[in-house]
Structure formats: C-alpha cells, structure tokens
>>> print(open('protein.cif').read())   # mmCIF, C-alpha atoms
data_data
#
loop_
_atom_site.label_atom_id
_atom_site.label_comp_id
_atom_site.auth_asym_id
_atom_site.auth_seq_id
_atom_site.Cartn_x
_atom_site.Cartn_y
_atom_site.Cartn_z
CA MET A 1 18.96 -1.23 29.83
CA ALA A 2 19.49 2.34 31.02
CA ILE A 3 21.11 4.98 28.82
CA THR A 4 23.58 7.20 30.67
CA ARG A 5 24.90 9.19 27.72
CA ARG A 6 23.60 10.71 24.50
CA ILE A 7 23.73 8.39 21.51
CA PHE A 8 23.90 9.74 18.02
CA MET A 9 23.37 7.55 14.97
CA ARG A 10 24.53 9.18 11.75
CA ASN A 11 22.73 6.79 9.44
CA SER A 12 19.43 6.36 11.24
CA ALA A 13 16.25 8.34 11.68
CA LEU A 14 16.58 7.87 15.44
CA ALA A 15 18.56 9.55 18.17
CA VAL A 16 18.21 8.03 21.62
CA VAL A 17 18.36 10.66 24.33
CA GLY A 18 18.16 10.68 28.12
CA THR A 19 18.23 8.11 30.88
CA ALA A 20 15.01 6.19 30.28
CA ALA A 21 14.99 2.49 29.55
CA ILE A 22 14.77 1.74 25.84
CA PRO A 23 12.14 -0.70 24.61
CA SER A 24 13.80 -3.78 23.17
CA PHE A 25 12.62 -3.15 19.62
CA LEU A 26 14.32 0.27 19.80
CA THR A 27 17.45 -1.21 21.34
CA ARG A 28 17.93 -3.27 18.19
CA ALA A 29 17.67 -0.11 16.12
CA ALA A 30 20.17 1.73 18.29
CA TYR A 31 22.86 -0.91 18.60
CA GLY A 32 23.06 -2.62 15.27
CA ALA A 33 21.39 -4.13 12.28
CA VAL A 34 18.97 -6.97 12.68
CA GLU A 35 20.09 -10.34 11.40
CA PRO A 36 18.41 -11.24 8.08
CA GLY A 37 16.51 -14.17 9.53
CA LEU A 38 14.98 -11.97 12.23
CA ARG A 39 14.03 -9.00 10.08
CA THR A 40 10.43 -7.83 10.11
CA LYS A 41 8.42 -8.75 7.02
CA ARG A 42 6.18 -5.90 5.93
CA LEU A 43 3.05 -5.62 3.82
CA VAL A 44 2.21 -2.18 2.45
CA VAL A 45 -1.23 -1.66 0.88
CA ILE A 46 -1.90 1.24 -1.47
CA PHE A 47 -5.49 2.21 -2.33
CA GLN A 48 -6.17 4.15 -5.54
CA ARG A 49 -9.41 5.85 -4.52
CA GLY A 50 -11.84 6.80 -7.25
CA ALA A 51 -11.75 3.72 -9.50
CA ALA A 52 -8.58 3.80 -11.59
CA ASP A 53 -8.79 3.05 -15.31
CA GLY A 54 -6.85 -0.20 -15.41
CA LEU A 55 -7.22 -0.50 -19.18
CA ASN A 56 -5.27 2.73 -19.69
CA ILE A 57 -2.75 1.91 -16.96
CA VAL A 58 -1.74 -1.56 -18.15
CA ILE A 59 -2.84 -1.38 -21.75
CA PRO A 60 -3.85 -4.50 -23.72
CA HIS A 61 -2.19 -3.03 -26.81
CA GLY A 62 -2.20 -6.43 -28.49
CA GLU A 63 -6.01 -6.36 -28.71
CA GLN A 64 -7.51 -4.36 -31.56
CA ALA A 65 -10.82 -4.14 -29.67
CA TYR A 66 -9.14 -1.85 -27.13
CA TYR A 67 -8.39 0.74 -29.81
CA ALA A 68 -11.81 0.39 -31.42
CA MET A 69 -13.58 1.11 -28.11
CA ARG A 70 -11.38 4.06 -27.15
CA PRO A 71 -10.85 6.14 -30.28
CA SER A 72 -9.88 9.37 -28.51
CA ILE A 73 -8.38 8.25 -25.16
CA ASN A 74 -6.38 5.15 -26.16
CA ILE A 75 -2.66 4.96 -25.54
CA PRO A 76 -1.01 4.64 -28.99
CA ARG A 77 1.09 1.53 -29.52
CA ASN A 78 4.20 3.60 -30.15
CA SER A 79 3.79 5.21 -26.71
CA VAL A 80 3.10 2.06 -24.72
CA LEU A 81 5.94 0.68 -22.59
CA ASP A 82 5.68 -2.91 -23.78
CA LEU A 83 5.75 -5.67 -21.16
CA ASP A 84 5.09 -8.92 -23.00
CA GLY A 85 3.67 -8.22 -26.43
CA LEU A 86 0.05 -8.13 -25.24
CA PHE A 87 0.27 -5.70 -22.33
CA GLY A 88 2.21 -2.52 -21.78
CA LEU A 89 2.49 0.26 -19.23
CA HIS A 90 1.18 3.78 -19.67
CA PRO A 91 4.19 6.04 -20.39
CA GLY A 92 3.45 7.90 -17.16
CA MET A 93 4.58 4.76 -15.32
CA ALA A 94 8.09 4.87 -16.74
CA PRO A 95 9.65 5.31 -13.25
CA LEU A 96 8.51 1.76 -12.39
CA GLN A 97 9.79 0.09 -15.55
CA PRO A 98 13.27 -0.56 -14.05
CA VAL A 99 11.59 -2.39 -11.15
CA TRP A 100 9.70 -4.50 -13.71
CA ASP A 101 12.88 -5.15 -15.68
CA LYS A 102 14.60 -6.38 -12.50
CA ARG A 103 11.63 -8.67 -11.88
CA HIS A 104 10.47 -7.09 -8.63
CA LEU A 105 7.19 -5.74 -10.04
CA ALA A 106 4.27 -7.93 -11.10
CA VAL A 107 0.91 -7.12 -12.65
CA VAL A 108 -2.41 -8.85 -11.96
CA HIS A 109 -4.92 -7.87 -14.63
CA ALA A 110 -8.70 -8.42 -14.69
CA ALA A 111 -8.70 -8.44 -10.88
CA GLY A 112 -11.22 -6.98 -8.47
CA SER A 113 -14.22 -7.48 -6.23
CA PRO A 114 -16.98 -9.82 -7.40
CA ASP A 115 -19.64 -7.56 -5.91
CA PRO A 116 -21.52 -5.78 -8.73
CA THR A 117 -21.86 -2.41 -6.99
CA ARG A 118 -20.82 0.69 -8.89
CA SER A 119 -20.91 2.83 -5.75
CA HIS A 120 -17.51 4.20 -4.77
CA PHE A 121 -18.41 4.15 -1.08
CA ASP A 122 -19.74 0.60 -0.98
CA ALA A 123 -17.00 -0.84 -3.20
CA GLN A 124 -14.22 0.76 -1.14
CA ASP A 125 -15.87 -0.46 2.05
CA PHE A 126 -16.06 -4.03 0.73
CA MET A 127 -12.43 -4.04 -0.39
CA GLU A 128 -11.25 -2.66 2.95
CA SER A 129 -13.38 -5.03 5.00
CA GLY A 130 -12.43 -7.95 2.74
CA THR A 131 -16.03 -9.16 2.67
CA PRO A 132 -17.65 -8.10 -0.64
CA GLY A 133 -21.41 -7.71 -0.37
CA VAL A 134 -21.42 -7.90 3.45
CA LYS A 135 -21.95 -4.53 5.10
CA ALA A 136 -22.11 -5.91 8.65
CA THR A 137 -18.35 -6.58 8.91
CA ASP A 138 -17.04 -4.35 11.67
CA ASN A 139 -13.28 -4.54 11.04
CA GLY A 140 -10.75 -4.45 8.22
CA TRP A 141 -8.88 -7.34 6.62
CA LEU A 142 -5.46 -5.72 7.11
CA ASN A 143 -6.11 -5.51 10.84
CA ARG A 144 -7.30 -9.14 10.85
CA SER A 145 -4.15 -10.18 9.02
CA LEU A 146 -2.23 -9.55 12.24
CA HIS A 147 -4.46 -11.79 14.42
CA ALA A 148 -2.80 -15.17 13.90
CA LEU A 149 0.79 -13.96 13.70
CA PRO A 150 3.14 -14.99 16.51
CA ASP A 151 3.02 -12.43 19.28
CA SER A 152 6.25 -10.73 20.18
CA PRO A 153 7.14 -9.43 23.64
CA ASP A 154 8.55 -6.30 22.00
CA LYS A 155 5.60 -5.63 19.70
CA SER A 156 5.71 -2.05 18.51
CA ALA A 157 2.83 0.41 18.42
CA PHE A 158 4.06 1.20 14.91
CA ARG A 159 3.23 -2.39 13.96
CA ALA A 160 0.12 -1.27 12.04
CA ILE A 161 0.16 2.24 10.65
CA ALA A 162 -1.86 4.33 8.25
CA LEU A 163 -0.38 7.39 6.60
CA GLY A 164 -3.18 9.91 6.83
CA PRO A 165 -5.30 12.03 9.18
CA SER A 166 -7.50 9.21 10.46
CA LEU A 167 -7.51 5.44 10.78
CA PRO A 168 -9.05 3.88 7.65
CA ARG A 169 -11.59 1.07 7.55
CA ILE A 170 -8.96 -1.45 6.46
CA LEU A 171 -7.03 -1.07 9.75
CA SER A 172 -9.96 -0.91 12.14
CA GLY A 173 -10.29 -3.83 14.55
CA GLN A 174 -8.87 -5.49 17.64
CA GLU A 175 -5.20 -5.04 16.82
CA PRO A 176 -3.79 -1.65 17.88
CA ALA A 177 -3.17 0.61 14.90
CA ILE A 178 -2.30 4.28 14.53
CA ALA A 179 -2.71 6.97 11.89
CA VAL A 180 0.14 9.38 11.25
CA ASN A 181 -0.60 12.37 9.05
CA ASN A 182 2.76 13.98 9.54
CA ILE A 183 5.70 12.75 11.61
CA ASN A 184 6.54 16.34 12.50
CA ASP A 185 3.17 16.71 14.24
CA PHE A 186 3.88 13.78 16.53
CA GLY A 187 4.99 15.57 19.70
CA VAL A 188 5.33 14.22 23.21
CA GLY A 189 3.57 16.83 25.29
CA GLY A 190 4.92 20.01 26.81
CA ARG A 191 4.30 23.67 26.15
CA ASN A 192 4.74 23.50 22.37
CA ALA A 193 3.15 20.12 21.78
CA SER A 194 0.74 19.81 18.89
CA PRO A 195 -2.94 18.89 19.44
CA THR A 196 -2.19 15.62 17.65
CA ALA A 197 0.47 14.76 20.20
CA ASN A 198 -1.68 15.61 23.22
CA THR A 199 -4.62 13.60 21.87
CA PHE A 200 -2.37 10.66 21.08
CA GLU A 201 -0.83 10.57 24.55
CA ALA A 202 -4.16 11.03 26.29
CA MET A 203 -5.67 8.16 24.32
CA TYR A 204 -3.04 5.77 25.62
CA ALA A 205 -2.71 7.26 29.09
CA ASN A 206 -6.43 6.76 29.74
CA SER A 207 -6.62 3.32 28.18
CA VAL A 208 -7.47 0.39 30.40
CA ASP A 209 -6.27 -2.02 27.74
CA ALA A 210 -2.90 -3.39 28.85
CA VAL A 211 -1.73 -4.05 25.31
CA LEU A 212 -2.66 -0.58 24.13
CA HIS A 213 -1.12 1.01 27.18
CA GLY A 214 2.12 -0.92 26.83
CA THR A 215 2.58 -0.23 23.15
CA GLY A 216 1.59 3.38 23.74
CA GLN A 217 4.50 3.84 26.14
CA GLU A 218 6.88 2.42 23.56
CA THR A 219 5.44 4.76 20.98
CA PHE A 220 6.16 7.75 23.20
CA GLU A 221 9.78 6.67 23.39
CA ALA A 222 9.86 6.32 19.63
CA VAL A 223 8.26 9.74 19.17
CA LYS A 224 10.86 11.32 21.41
CA MET A 225 13.62 9.76 19.36
CA LEU A 226 12.11 10.76 16.06
CA ARG A 227 11.73 14.35 17.18
CA SER A 228 15.24 14.42 18.61
CA ALA A 229 16.48 13.28 15.22
CA ASN A 230 14.56 16.19 13.63
CA PRO A 231 12.55 14.20 11.08
CA ALA A 232 12.06 17.31 8.97
CA LYS A 233 15.74 16.96 8.08
CA TYR A 234 15.34 13.39 6.83
CA THR A 235 17.29 12.79 3.64
CA PRO A 236 16.08 9.95 1.40
CA ALA A 237 18.57 7.63 -0.24
CA VAL A 238 20.37 8.82 -3.34
CA GLY A 239 18.05 8.52 -6.33
CA ALA A 240 14.87 8.42 -4.26
CA ASN A 241 13.15 11.47 -5.69
CA TYR A 242 9.70 11.75 -4.13
CA PRO A 243 7.30 14.05 -5.99
CA ARG A 244 5.59 16.84 -4.11
CA GLY A 245 2.14 16.02 -2.82
CA ARG A 246 0.39 14.05 -0.08
CA PHE A 247 1.07 10.60 -1.55
CA GLY A 248 4.78 11.18 -2.07
CA ASP A 249 5.05 12.64 1.43
CA SER A 250 3.22 9.63 2.87
CA LEU A 251 5.58 7.12 1.29
CA LYS A 252 8.63 9.16 2.25
CA GLN A 253 7.52 9.18 5.88
CA LEU A 254 6.72 5.48 5.75
CA ALA A 255 10.21 4.77 4.42
CA GLN A 256 11.61 6.85 7.26
CA LEU A 257 9.70 4.85 9.88
CA ILE A 258 10.69 1.53 8.31
CA LYS A 259 14.36 2.51 8.08
CA ALA A 260 14.23 3.57 11.72
CA ASN A 261 13.46 -0.08 12.56
CA LEU A 262 10.31 0.78 14.48
CA GLY A 263 8.67 -2.58 13.92
CA VAL A 264 6.28 -1.68 11.08
CA GLN A 265 4.54 -4.86 9.84
CA VAL A 266 1.54 -3.58 7.92
CA ALA A 267 1.03 -0.10 6.50
CA PHE A 268 -1.60 1.67 4.45
CA ALA A 269 -1.61 4.75 2.24
CA ASP A 270 -4.02 6.03 -0.37
CA ILE A 271 -4.05 8.33 -3.35
CA GLY A 272 -7.15 9.92 -4.87
CA GLY A 273 -7.91 11.53 -8.21
CA TRP A 274 -8.82 8.50 -10.36
CA ASP A 275 -12.49 9.21 -11.15
CA HIS A 276 -12.26 10.51 -14.71
CA HIS A 277 -15.71 10.74 -16.27
CA VAL A 278 -14.73 13.74 -18.41
CA ASN A 279 -11.54 14.46 -20.39
CA GLU A 280 -9.53 11.57 -18.99
CA GLY A 281 -6.74 12.13 -21.48
CA ASN A 282 -4.32 9.56 -22.89
CA THR A 283 -0.55 10.04 -22.82
CA GLN A 284 -1.21 13.50 -21.36
CA GLY A 285 -4.05 14.75 -19.20
CA GLN A 286 -5.71 13.88 -15.91
CA LEU A 287 -4.87 10.18 -15.79
CA ALA A 288 -1.31 10.76 -16.94
CA ASN A 289 -0.77 13.35 -14.20
CA VAL A 290 -1.94 11.15 -11.34
CA LEU A 291 -0.07 8.14 -12.79
CA ARG A 292 3.19 10.08 -12.75
CA GLU A 293 2.66 11.00 -9.10
CA PHE A 294 1.72 7.40 -8.29
CA SER A 295 4.63 5.75 -10.08
CA GLN A 296 7.27 8.30 -9.08
CA SER A 297 6.28 7.93 -5.43
CA LEU A 298 6.41 4.12 -5.54
CA ALA A 299 9.73 4.13 -7.40
CA ALA A 300 11.24 6.54 -4.87
CA PHE A 301 9.93 4.39 -2.00
CA TRP A 302 11.52 1.31 -3.57
CA ILE A 303 14.89 3.03 -3.96
CA ASP A 304 14.71 4.62 -0.52
CA LEU A 305 14.18 1.28 1.23
CA GLY A 306 17.37 -0.17 -0.18
CA ASP A 307 18.06 -3.62 1.29
CA LEU A 308 14.89 -3.37 3.39
CA ALA A 309 12.90 -3.88 0.20
CA GLU A 310 13.88 -7.55 0.46
CA GLU A 311 11.40 -7.93 3.35
CA THR A 312 8.74 -5.62 1.92
CA VAL A 313 5.77 -6.38 -0.34
CA VAL A 314 3.61 -3.57 -1.73
CA VAL A 315 0.14 -4.32 -3.15
CA THR A 316 -2.06 -1.77 -4.91
CA MET A 317 -5.81 -1.88 -5.45
CA SER A 318 -8.75 0.28 -6.52
CA GLU A 319 -12.46 -0.19 -5.80
CA PHE A 320 -13.38 -1.09 -9.40
CA GLY A 321 -12.25 -0.36 -12.94
CA ARG A 322 -13.75 1.74 -15.72
CA THR A 323 -15.96 0.95 -18.70
CA ALA A 324 -14.22 -0.69 -21.62
CA ARG A 325 -15.61 1.97 -23.97
CA GLU A 326 -14.98 5.66 -23.58
CA ASN A 327 -18.08 7.77 -22.99
CA GLY A 328 -19.33 10.81 -24.87
CA ASN A 329 -17.23 13.13 -22.71
CA ARG A 330 -13.90 11.52 -23.58
CA GLY A 331 -13.83 9.86 -20.20
CA THR A 332 -14.87 6.52 -18.73
CA ASP A 333 -17.61 5.52 -16.32
CA HIS A 334 -17.74 3.10 -13.40
CA GLY A 335 -16.79 -0.42 -14.46
CA HIS A 336 -15.83 -3.76 -12.96
CA ALA A 337 -12.42 -5.47 -13.24
CA ASN A 338 -9.18 -3.56 -12.79
CA VAL A 339 -5.43 -4.01 -12.49
CA MET A 340 -3.39 -4.61 -9.33
CA PHE A 341 0.37 -4.21 -8.87
CA VAL A 342 2.60 -6.22 -6.55
CA MET A 343 6.11 -4.94 -5.84
CA GLY A 344 8.82 -6.18 -3.53
CA GLY A 345 11.99 -8.15 -2.98
CA PRO A 346 10.22 -11.55 -2.74
CA VAL A 347 7.99 -10.85 -5.76
CA LYS A 348 8.48 -12.93 -8.89
CA GLY A 349 7.97 -9.96 -11.13
CA GLY A 350 8.39 -9.19 -14.79
CA LYS A 351 5.16 -11.06 -15.44
CA VAL A 352 1.45 -10.35 -15.91
CA TYR A 353 -0.56 -12.76 -13.76
CA GLY A 354 -4.18 -13.82 -14.01
CA ARG A 355 -6.30 -15.01 -16.91
CA TRP A 356 -7.08 -12.35 -19.50
CA PRO A 357 -10.81 -12.52 -20.38
CA GLY A 358 -10.61 -10.47 -23.58
CA LEU A 359 -12.45 -7.39 -24.79
CA ASP A 360 -14.74 -8.81 -27.46
CA GLN A 361 -18.37 -7.87 -26.89
CA SER A 362 -19.28 -11.41 -25.82
CA GLN A 363 -16.48 -11.38 -23.23
CA LEU A 364 -17.45 -8.17 -21.45
CA TYR A 365 -19.15 -8.14 -18.06
CA GLU A 366 -22.74 -6.93 -18.49
CA GLY A 367 -21.78 -6.04 -22.05
CA ARG A 368 -19.72 -3.04 -20.96
CA ASP A 369 -16.85 -3.87 -18.59
CA LEU A 370 -13.70 -5.93 -18.34
CA ALA A 371 -14.67 -9.17 -16.59
CA ILE A 372 -13.06 -10.28 -13.33
CA THR A 373 -11.03 -13.47 -13.51
CA THR A 374 -9.01 -12.99 -10.28
CA ASP A 375 -10.71 -12.11 -7.00
CA PHE A 376 -8.75 -9.36 -5.22
CA ARG A 377 -8.75 -11.53 -2.09
CA ARG A 378 -6.72 -14.13 -3.97
CA VAL A 379 -3.98 -11.59 -4.56
CA LEU A 380 -4.05 -10.22 -1.02
CA GLY A 381 -4.37 -13.67 0.55
CA GLU A 382 -1.14 -14.83 -1.02
CA ALA A 383 0.72 -11.87 0.49
CA VAL A 384 -0.82 -12.48 3.92
CA TYR A 385 -0.11 -16.23 3.82
CA GLN A 386 3.23 -16.41 2.07
CA HIS A 387 4.83 -13.16 3.17
CA LEU A 388 3.39 -12.24 6.56
CA GLY A 389 3.04 -15.91 7.51
CA ASN A 390 -0.61 -15.81 8.59
CA LYS A 391 -2.03 -19.21 7.63
CA ALA A 392 -5.55 -18.51 8.95
CA LEU A 393 -6.92 -17.01 5.75
CA ASP A 394 -10.42 -18.15 6.66
CA GLN A 395 -10.29 -15.56 9.44
CA VAL A 396 -8.70 -12.83 7.36
CA PHE A 397 -11.14 -13.31 4.46
CA PRO A 398 -14.15 -15.12 5.92
CA GLY A 399 -16.43 -16.83 3.44
CA PHE A 400 -13.81 -16.99 0.69
CA GLU A 401 -12.01 -20.19 -0.30
CA ASN A 402 -8.40 -19.11 -0.44
CA GLN A 403 -6.31 -22.26 -0.29
CA GLN A 404 -2.60 -22.17 -0.97
CA GLY A 405 -3.06 -24.31 -4.08
CA LYS A 406 -5.09 -21.55 -5.71
CA PHE A 407 -2.49 -18.81 -5.30
CA LEU A 408 -1.12 -17.03 -8.36
CA ARG A 409 2.39 -17.79 -7.09
CA TYR A 410 3.73 -14.31 -7.61
CA LEU A 411 5.82 -14.70 -4.43
CA GLY A 412 9.04 -16.68 -4.41
#
>>> encode(input="protein.cif", output="structure tokens")
Amino acid sequence: MAITRRIFMRNSALAVVGTAAIPSFLTRAAYGAVEPGLRTKRLVVIFQRGAADGLNIVIPHGEQAYYAMRPSINIPRNSVLDLDGLFGLHPGMAPLQPVWDKRHLAVVHAAGSPDPTRSHFDAQDFMESGTPGVKATDNGWLNRSLHALPDSPDKSAFRAIALGPSLPRILSGQEPAIAVNNINDFGVGGRNASPTANTFEAMYANSVDAVLHGTGQETFEAVKMLRSANPAKYTPAVGANYPRGRFGDSLKQLAQLIKANLGVQVAFADIGGWDHHVNEGNTQGQLANVLREFSQSLAAFWIDLGDLAEETVVVTMSEFGRTARENGNRGTDHGHANVMFVMGGPVKGGKVYGRWPGLDQSQLYEGRDLAITTDFRRVLGEAVYQHLGNKALDQVFPGFENQQGKFLRYLG
C-alpha cells in the first residue's frame, strides 16, 4: 500500500512519512490496534551481572539461621516487605510490591545453574548459552527460542533485540537479532547520520542472506518512522517514572519500541553492579542502591506497557548467588543458588515457587552456599514453551529434560 499523504499518530511512537510502501507489520501499527488474539507475545530477559545476593533480595526472614550467618548485613525483620511469612522483599524493592500484590510478580528461590563454577565469565556464558558446563555451544538459548516458532511473512527485524552497545551471547545465532544502544543514534544515512546508522545500513545492504536483507529493509522503514516521531520526545505513561541510568533508559526505550508495535518478540537487557565482596550494606548501601534502580526501572516498565503487559513476560536471572555467610569485609563472596523473578500479565504471581532447601549447615551446598533446587532452565523453559509457544525445548536447552509436566506452573 502506498502512502500519498503524511500520517500523524498522536498516541504512537511512529509517524509514517513519504510515499514508500509500508511493511505490513508497520501498517498494523499505523492503522489500528491489533486484535487481542493476534497480538505478539513477548519474552523479556533481564540479566543481573555480577552475581546478585539473592538472600538479601528475597530474604528468608522466617529462618533464624539467616540472621545468625549475617550479623552485620542482614535485613531486619521490621524492614522486610513480607511476602508469605517465610520470605520477604528487600525494602529497596518496594516499587515492585504493588505488582506482587496484584499477582503479576512471582519469585523462584534457590534457582540457578547446576555448574559449580564460581567464575563470573564462565557462569554468565553458561546461562546465556543455556548449556551449563559446555563451552562449545556457539549460540544463545534466547536466539534458539525463536527457531521453532511459526514463521510470519511480515517478520520484523525488531523481533529479537538487545538493549546495549553490542549483541550479547544470549542472542547470538541463526535468527537475525539487533543491538540498540540508543534509539536516537539509529539514523538512516545522509549527511548527519551517526556511525551506528551507517554501519547498520551497510551490514544489511551488503548481506547476501535474503532473510537478513528483507528484514533490514523493514528496519530502515521503522527507523525512519521512529526518527520522524522524534523519539527523544517520547513521554512514558502516567506513573511510569524511570530512574536515571543505563538500565532505566534501556527499559524505557524497549517500552517505546513495544508500544510502537514493531514486532518485538524477545528482548534482552542487563544491569551490573551486583558483585559486593566489601561493604555490601543492608537496608542502605551498595546493594540497596542497585536494587532501587532495578526495581524502579521494572516497575516503570510495567506501568508504561499498560495493556501490552498482558502479552509480556519478564524473567530475571544472575550468574550465581552469594555465600550464605557474610565475609570478614561485611560483604559476600561467590556462591551458588540465587533468586529469579517472573513478571507479566500471564504470570500467576503473589507466590514464591520452588522448593526451599534451608540454611542449616547440613543443607548448604559445599557447606557454604544456598543449594539449588530449581534449574534456571526449568524457569526459562516454561516461558519459552507456555508463553512463546515453542514446544521444541530439546533444541532450546539441549541435554536438559524439560518436559511440560515438570514446570513450576507459574504461567496461567
């Protein structure tokens, strides 16, 4: 369909300009809302890089052993945001408590990778490849999660997107994926085009891959529209107060792309600053600061999506947890099991999932860490199978038995 006049959309991030034919996935965005049954289901993965301290994020305040092992960095019971009598949230996560109360936020405790490594690099690599202990895997599980999905003739180049300067391990693979560090840097050539824009266009223009080339052309149309709409002027929904910083900016831009109906199916963002060997703090301090940024950003993203949250599932993960005991520097060292969050419209939230192993000395992994009772692939596999609709979990997570009957059933 050719456009012969300028189209302005007051409530969209897009403005369609010119006389070029509009790709069909952009036509839907321009001329009306998508029917509920045809809406794109999205999986957003958040990586907390640095090994977050799950025991001080979702606190087992019902266990006395927790307080005995952390005399100076524990979260006092009167400060914990109680969830179910045993567990409670760090007070820095208060922005997410309303999502929990409305049963759209779930917790999976004692989760993680079964590989025993305490190396940040190796553990992150294994969680992004989805093959713990196997370094030969050459692609990421989030990219593989798109393999067995029904192909669409109007597949968007924004189908798989990472918010950051480069494509992460988790999205590497056969399926086309792009990294966007800043929407405002995504130009479309010309005298004032950014280096990012020129590189992006050249990559697709020189590609001999028909799929890449086709989706690249659609992306250029989308970029033109985004820039015509002046994305720097984007106004989040009322109440969506993103904090300053890279993570908040990433989620704000992701919300903008999703609300523009650009066909986002899987997305990835990360947030660093979780490696607290010294002076971790408790209700205040290093952990509290990064938790506030983390939770405020996620809460703003949830509010900003509005009705689109009904088709969105967000899963968080970190490479491993921290030691059950604090160290001599009022911090924690590299541990094993951790906590994962799942947020979204389809999520059966307001519940802590997984089997709690306990913190008695005899229950600790290698005598020092929270033991893993839920493999991280179990959590992710349920989202891929139930939400995205990819039933070939043996391809997404090779070597791991991930049958539907073993799911945690956190999705409705």
>>> residues_around(input="protein.cif", residues="Tyr410 of chain A", least_positions_apart="3", cutoff="12 Å", atoms="only C-alpha atoms", output="JSON, numbers by chain")
{"A": [103, 104, 105, 106, 107, 108, 313, 315, 341, 342, 343, 344, 345, 346, 347, 348, 349, 350, 351, 352, 353, 354, 378, 379, 380, 381, 382, 383, 386, 387, 406, 407]}
>>> resolve_selection(input="protein.cif", expression="the PyMOL selection byres ((chain A and resi 89) around 7)", output="list in words")
Ile57, Val58, Ile59, Val80, Leu81, Asp82, Gly88, His90, Pro91 and Met93 of chain A
>>> closest_residue(input="protein.cif", among="A:Ala157, A:Ile73, A:Leu262, A:Leu298", to="Gly285 of chain A", atoms="all atoms listed in the file")
A:Ile73
>>> residues_around(input="protein.cif", residues="Ala371 of chain A", least_positions_apart="6", cutoff="9 Å", atoms="only C-alpha atoms", output="list in words")
Ala110, Ala111, His336, Ala337, Asn338, Trp356, Pro357, Gly358, Leu359, Gln363, Leu364 and Tyr365 of chain A
>>> write_last_selection(input="protein.cif", atoms="C-alpha atoms", output="PDB file, in the frame of the given file")
ATOM      1  CA  ALA A 110      -8.700  -8.420 -14.690  1.00  0.00           C
ATOM      2  CA  ALA A 111      -8.700  -8.440 -10.880  1.00  0.00           C
ATOM      3  CA  HIS A 336     -15.830  -3.760 -12.960  1.00  0.00           C
ATOM      4  CA  ALA A 337     -12.420  -5.470 -13.240  1.00  0.00           C
ATOM      5  CA  ASN A 338      -9.180  -3.560 -12.790  1.00  0.00           C
ATOM      6  CA  TRP A 356      -7.080 -12.350 -19.500  1.00  0.00           C
ATOM      7  CA  PRO A 357     -10.810 -12.520 -20.380  1.00  0.00           C
ATOM      8  CA  GLY A 358     -10.610 -10.470 -23.580  1.00  0.00           C
ATOM      9  CA  LEU A 359     -12.450  -7.390 -24.790  1.00  0.00           C
ATOM     10  CA  GLN A 363     -16.480 -11.380 -23.230  1.00  0.00           C
ATOM     11  CA  LEU A 364     -17.450  -8.170 -21.450  1.00  0.00           C
ATOM     12  CA  TYR A 365     -19.150  -8.140 -18.060  1.00  0.00           C
TER      13      TYR A 365
END
>>> resolve_selection(input="protein.cif", expression="the PyMOL selection byres ((chain A and resi 279) around 9)", output="ChimeraX atom specification")
/A:73,276-278,280-281,285-286,329-332
>>> closest_residue(input="protein.cif", among="A:Ile183, A:Ala51, A:Ala136, A:Met127", to="Leu171 of chain A", atoms="all atoms listed in the file")
A:Met127
>>> closest_residue(input="protein.cif", among="A:Gln124, A:Asn56, A:Ser119, A:Thr40", to="Met317 of chain A", atoms="only C-alpha atoms")
A:Gln124
>>> atom_distance(input="protein.cif", atom1="atom CA of Ile271 of chain A", atom2="atom CA of Asn139 of chain A")
21.4 Å
>>> atom_distance(input="protein.cif", atom1="atom CA of Tyr234 of chain A", atom2="atom CA of Gly263 of chain A")
18.7 Å
>>> atom_distance(input="protein.cif", atom1="atom CA of Leu257 of chain A", atom2="atom CA of Glu128 of chain A")
23.3 Å
>>> closest_residue(input="protein.cif", among="A:Ala255, A:Val396, A:Ala324, A:Val264", to="Arg70 of chain A", atoms="only C-alpha atoms")
A:Ala324
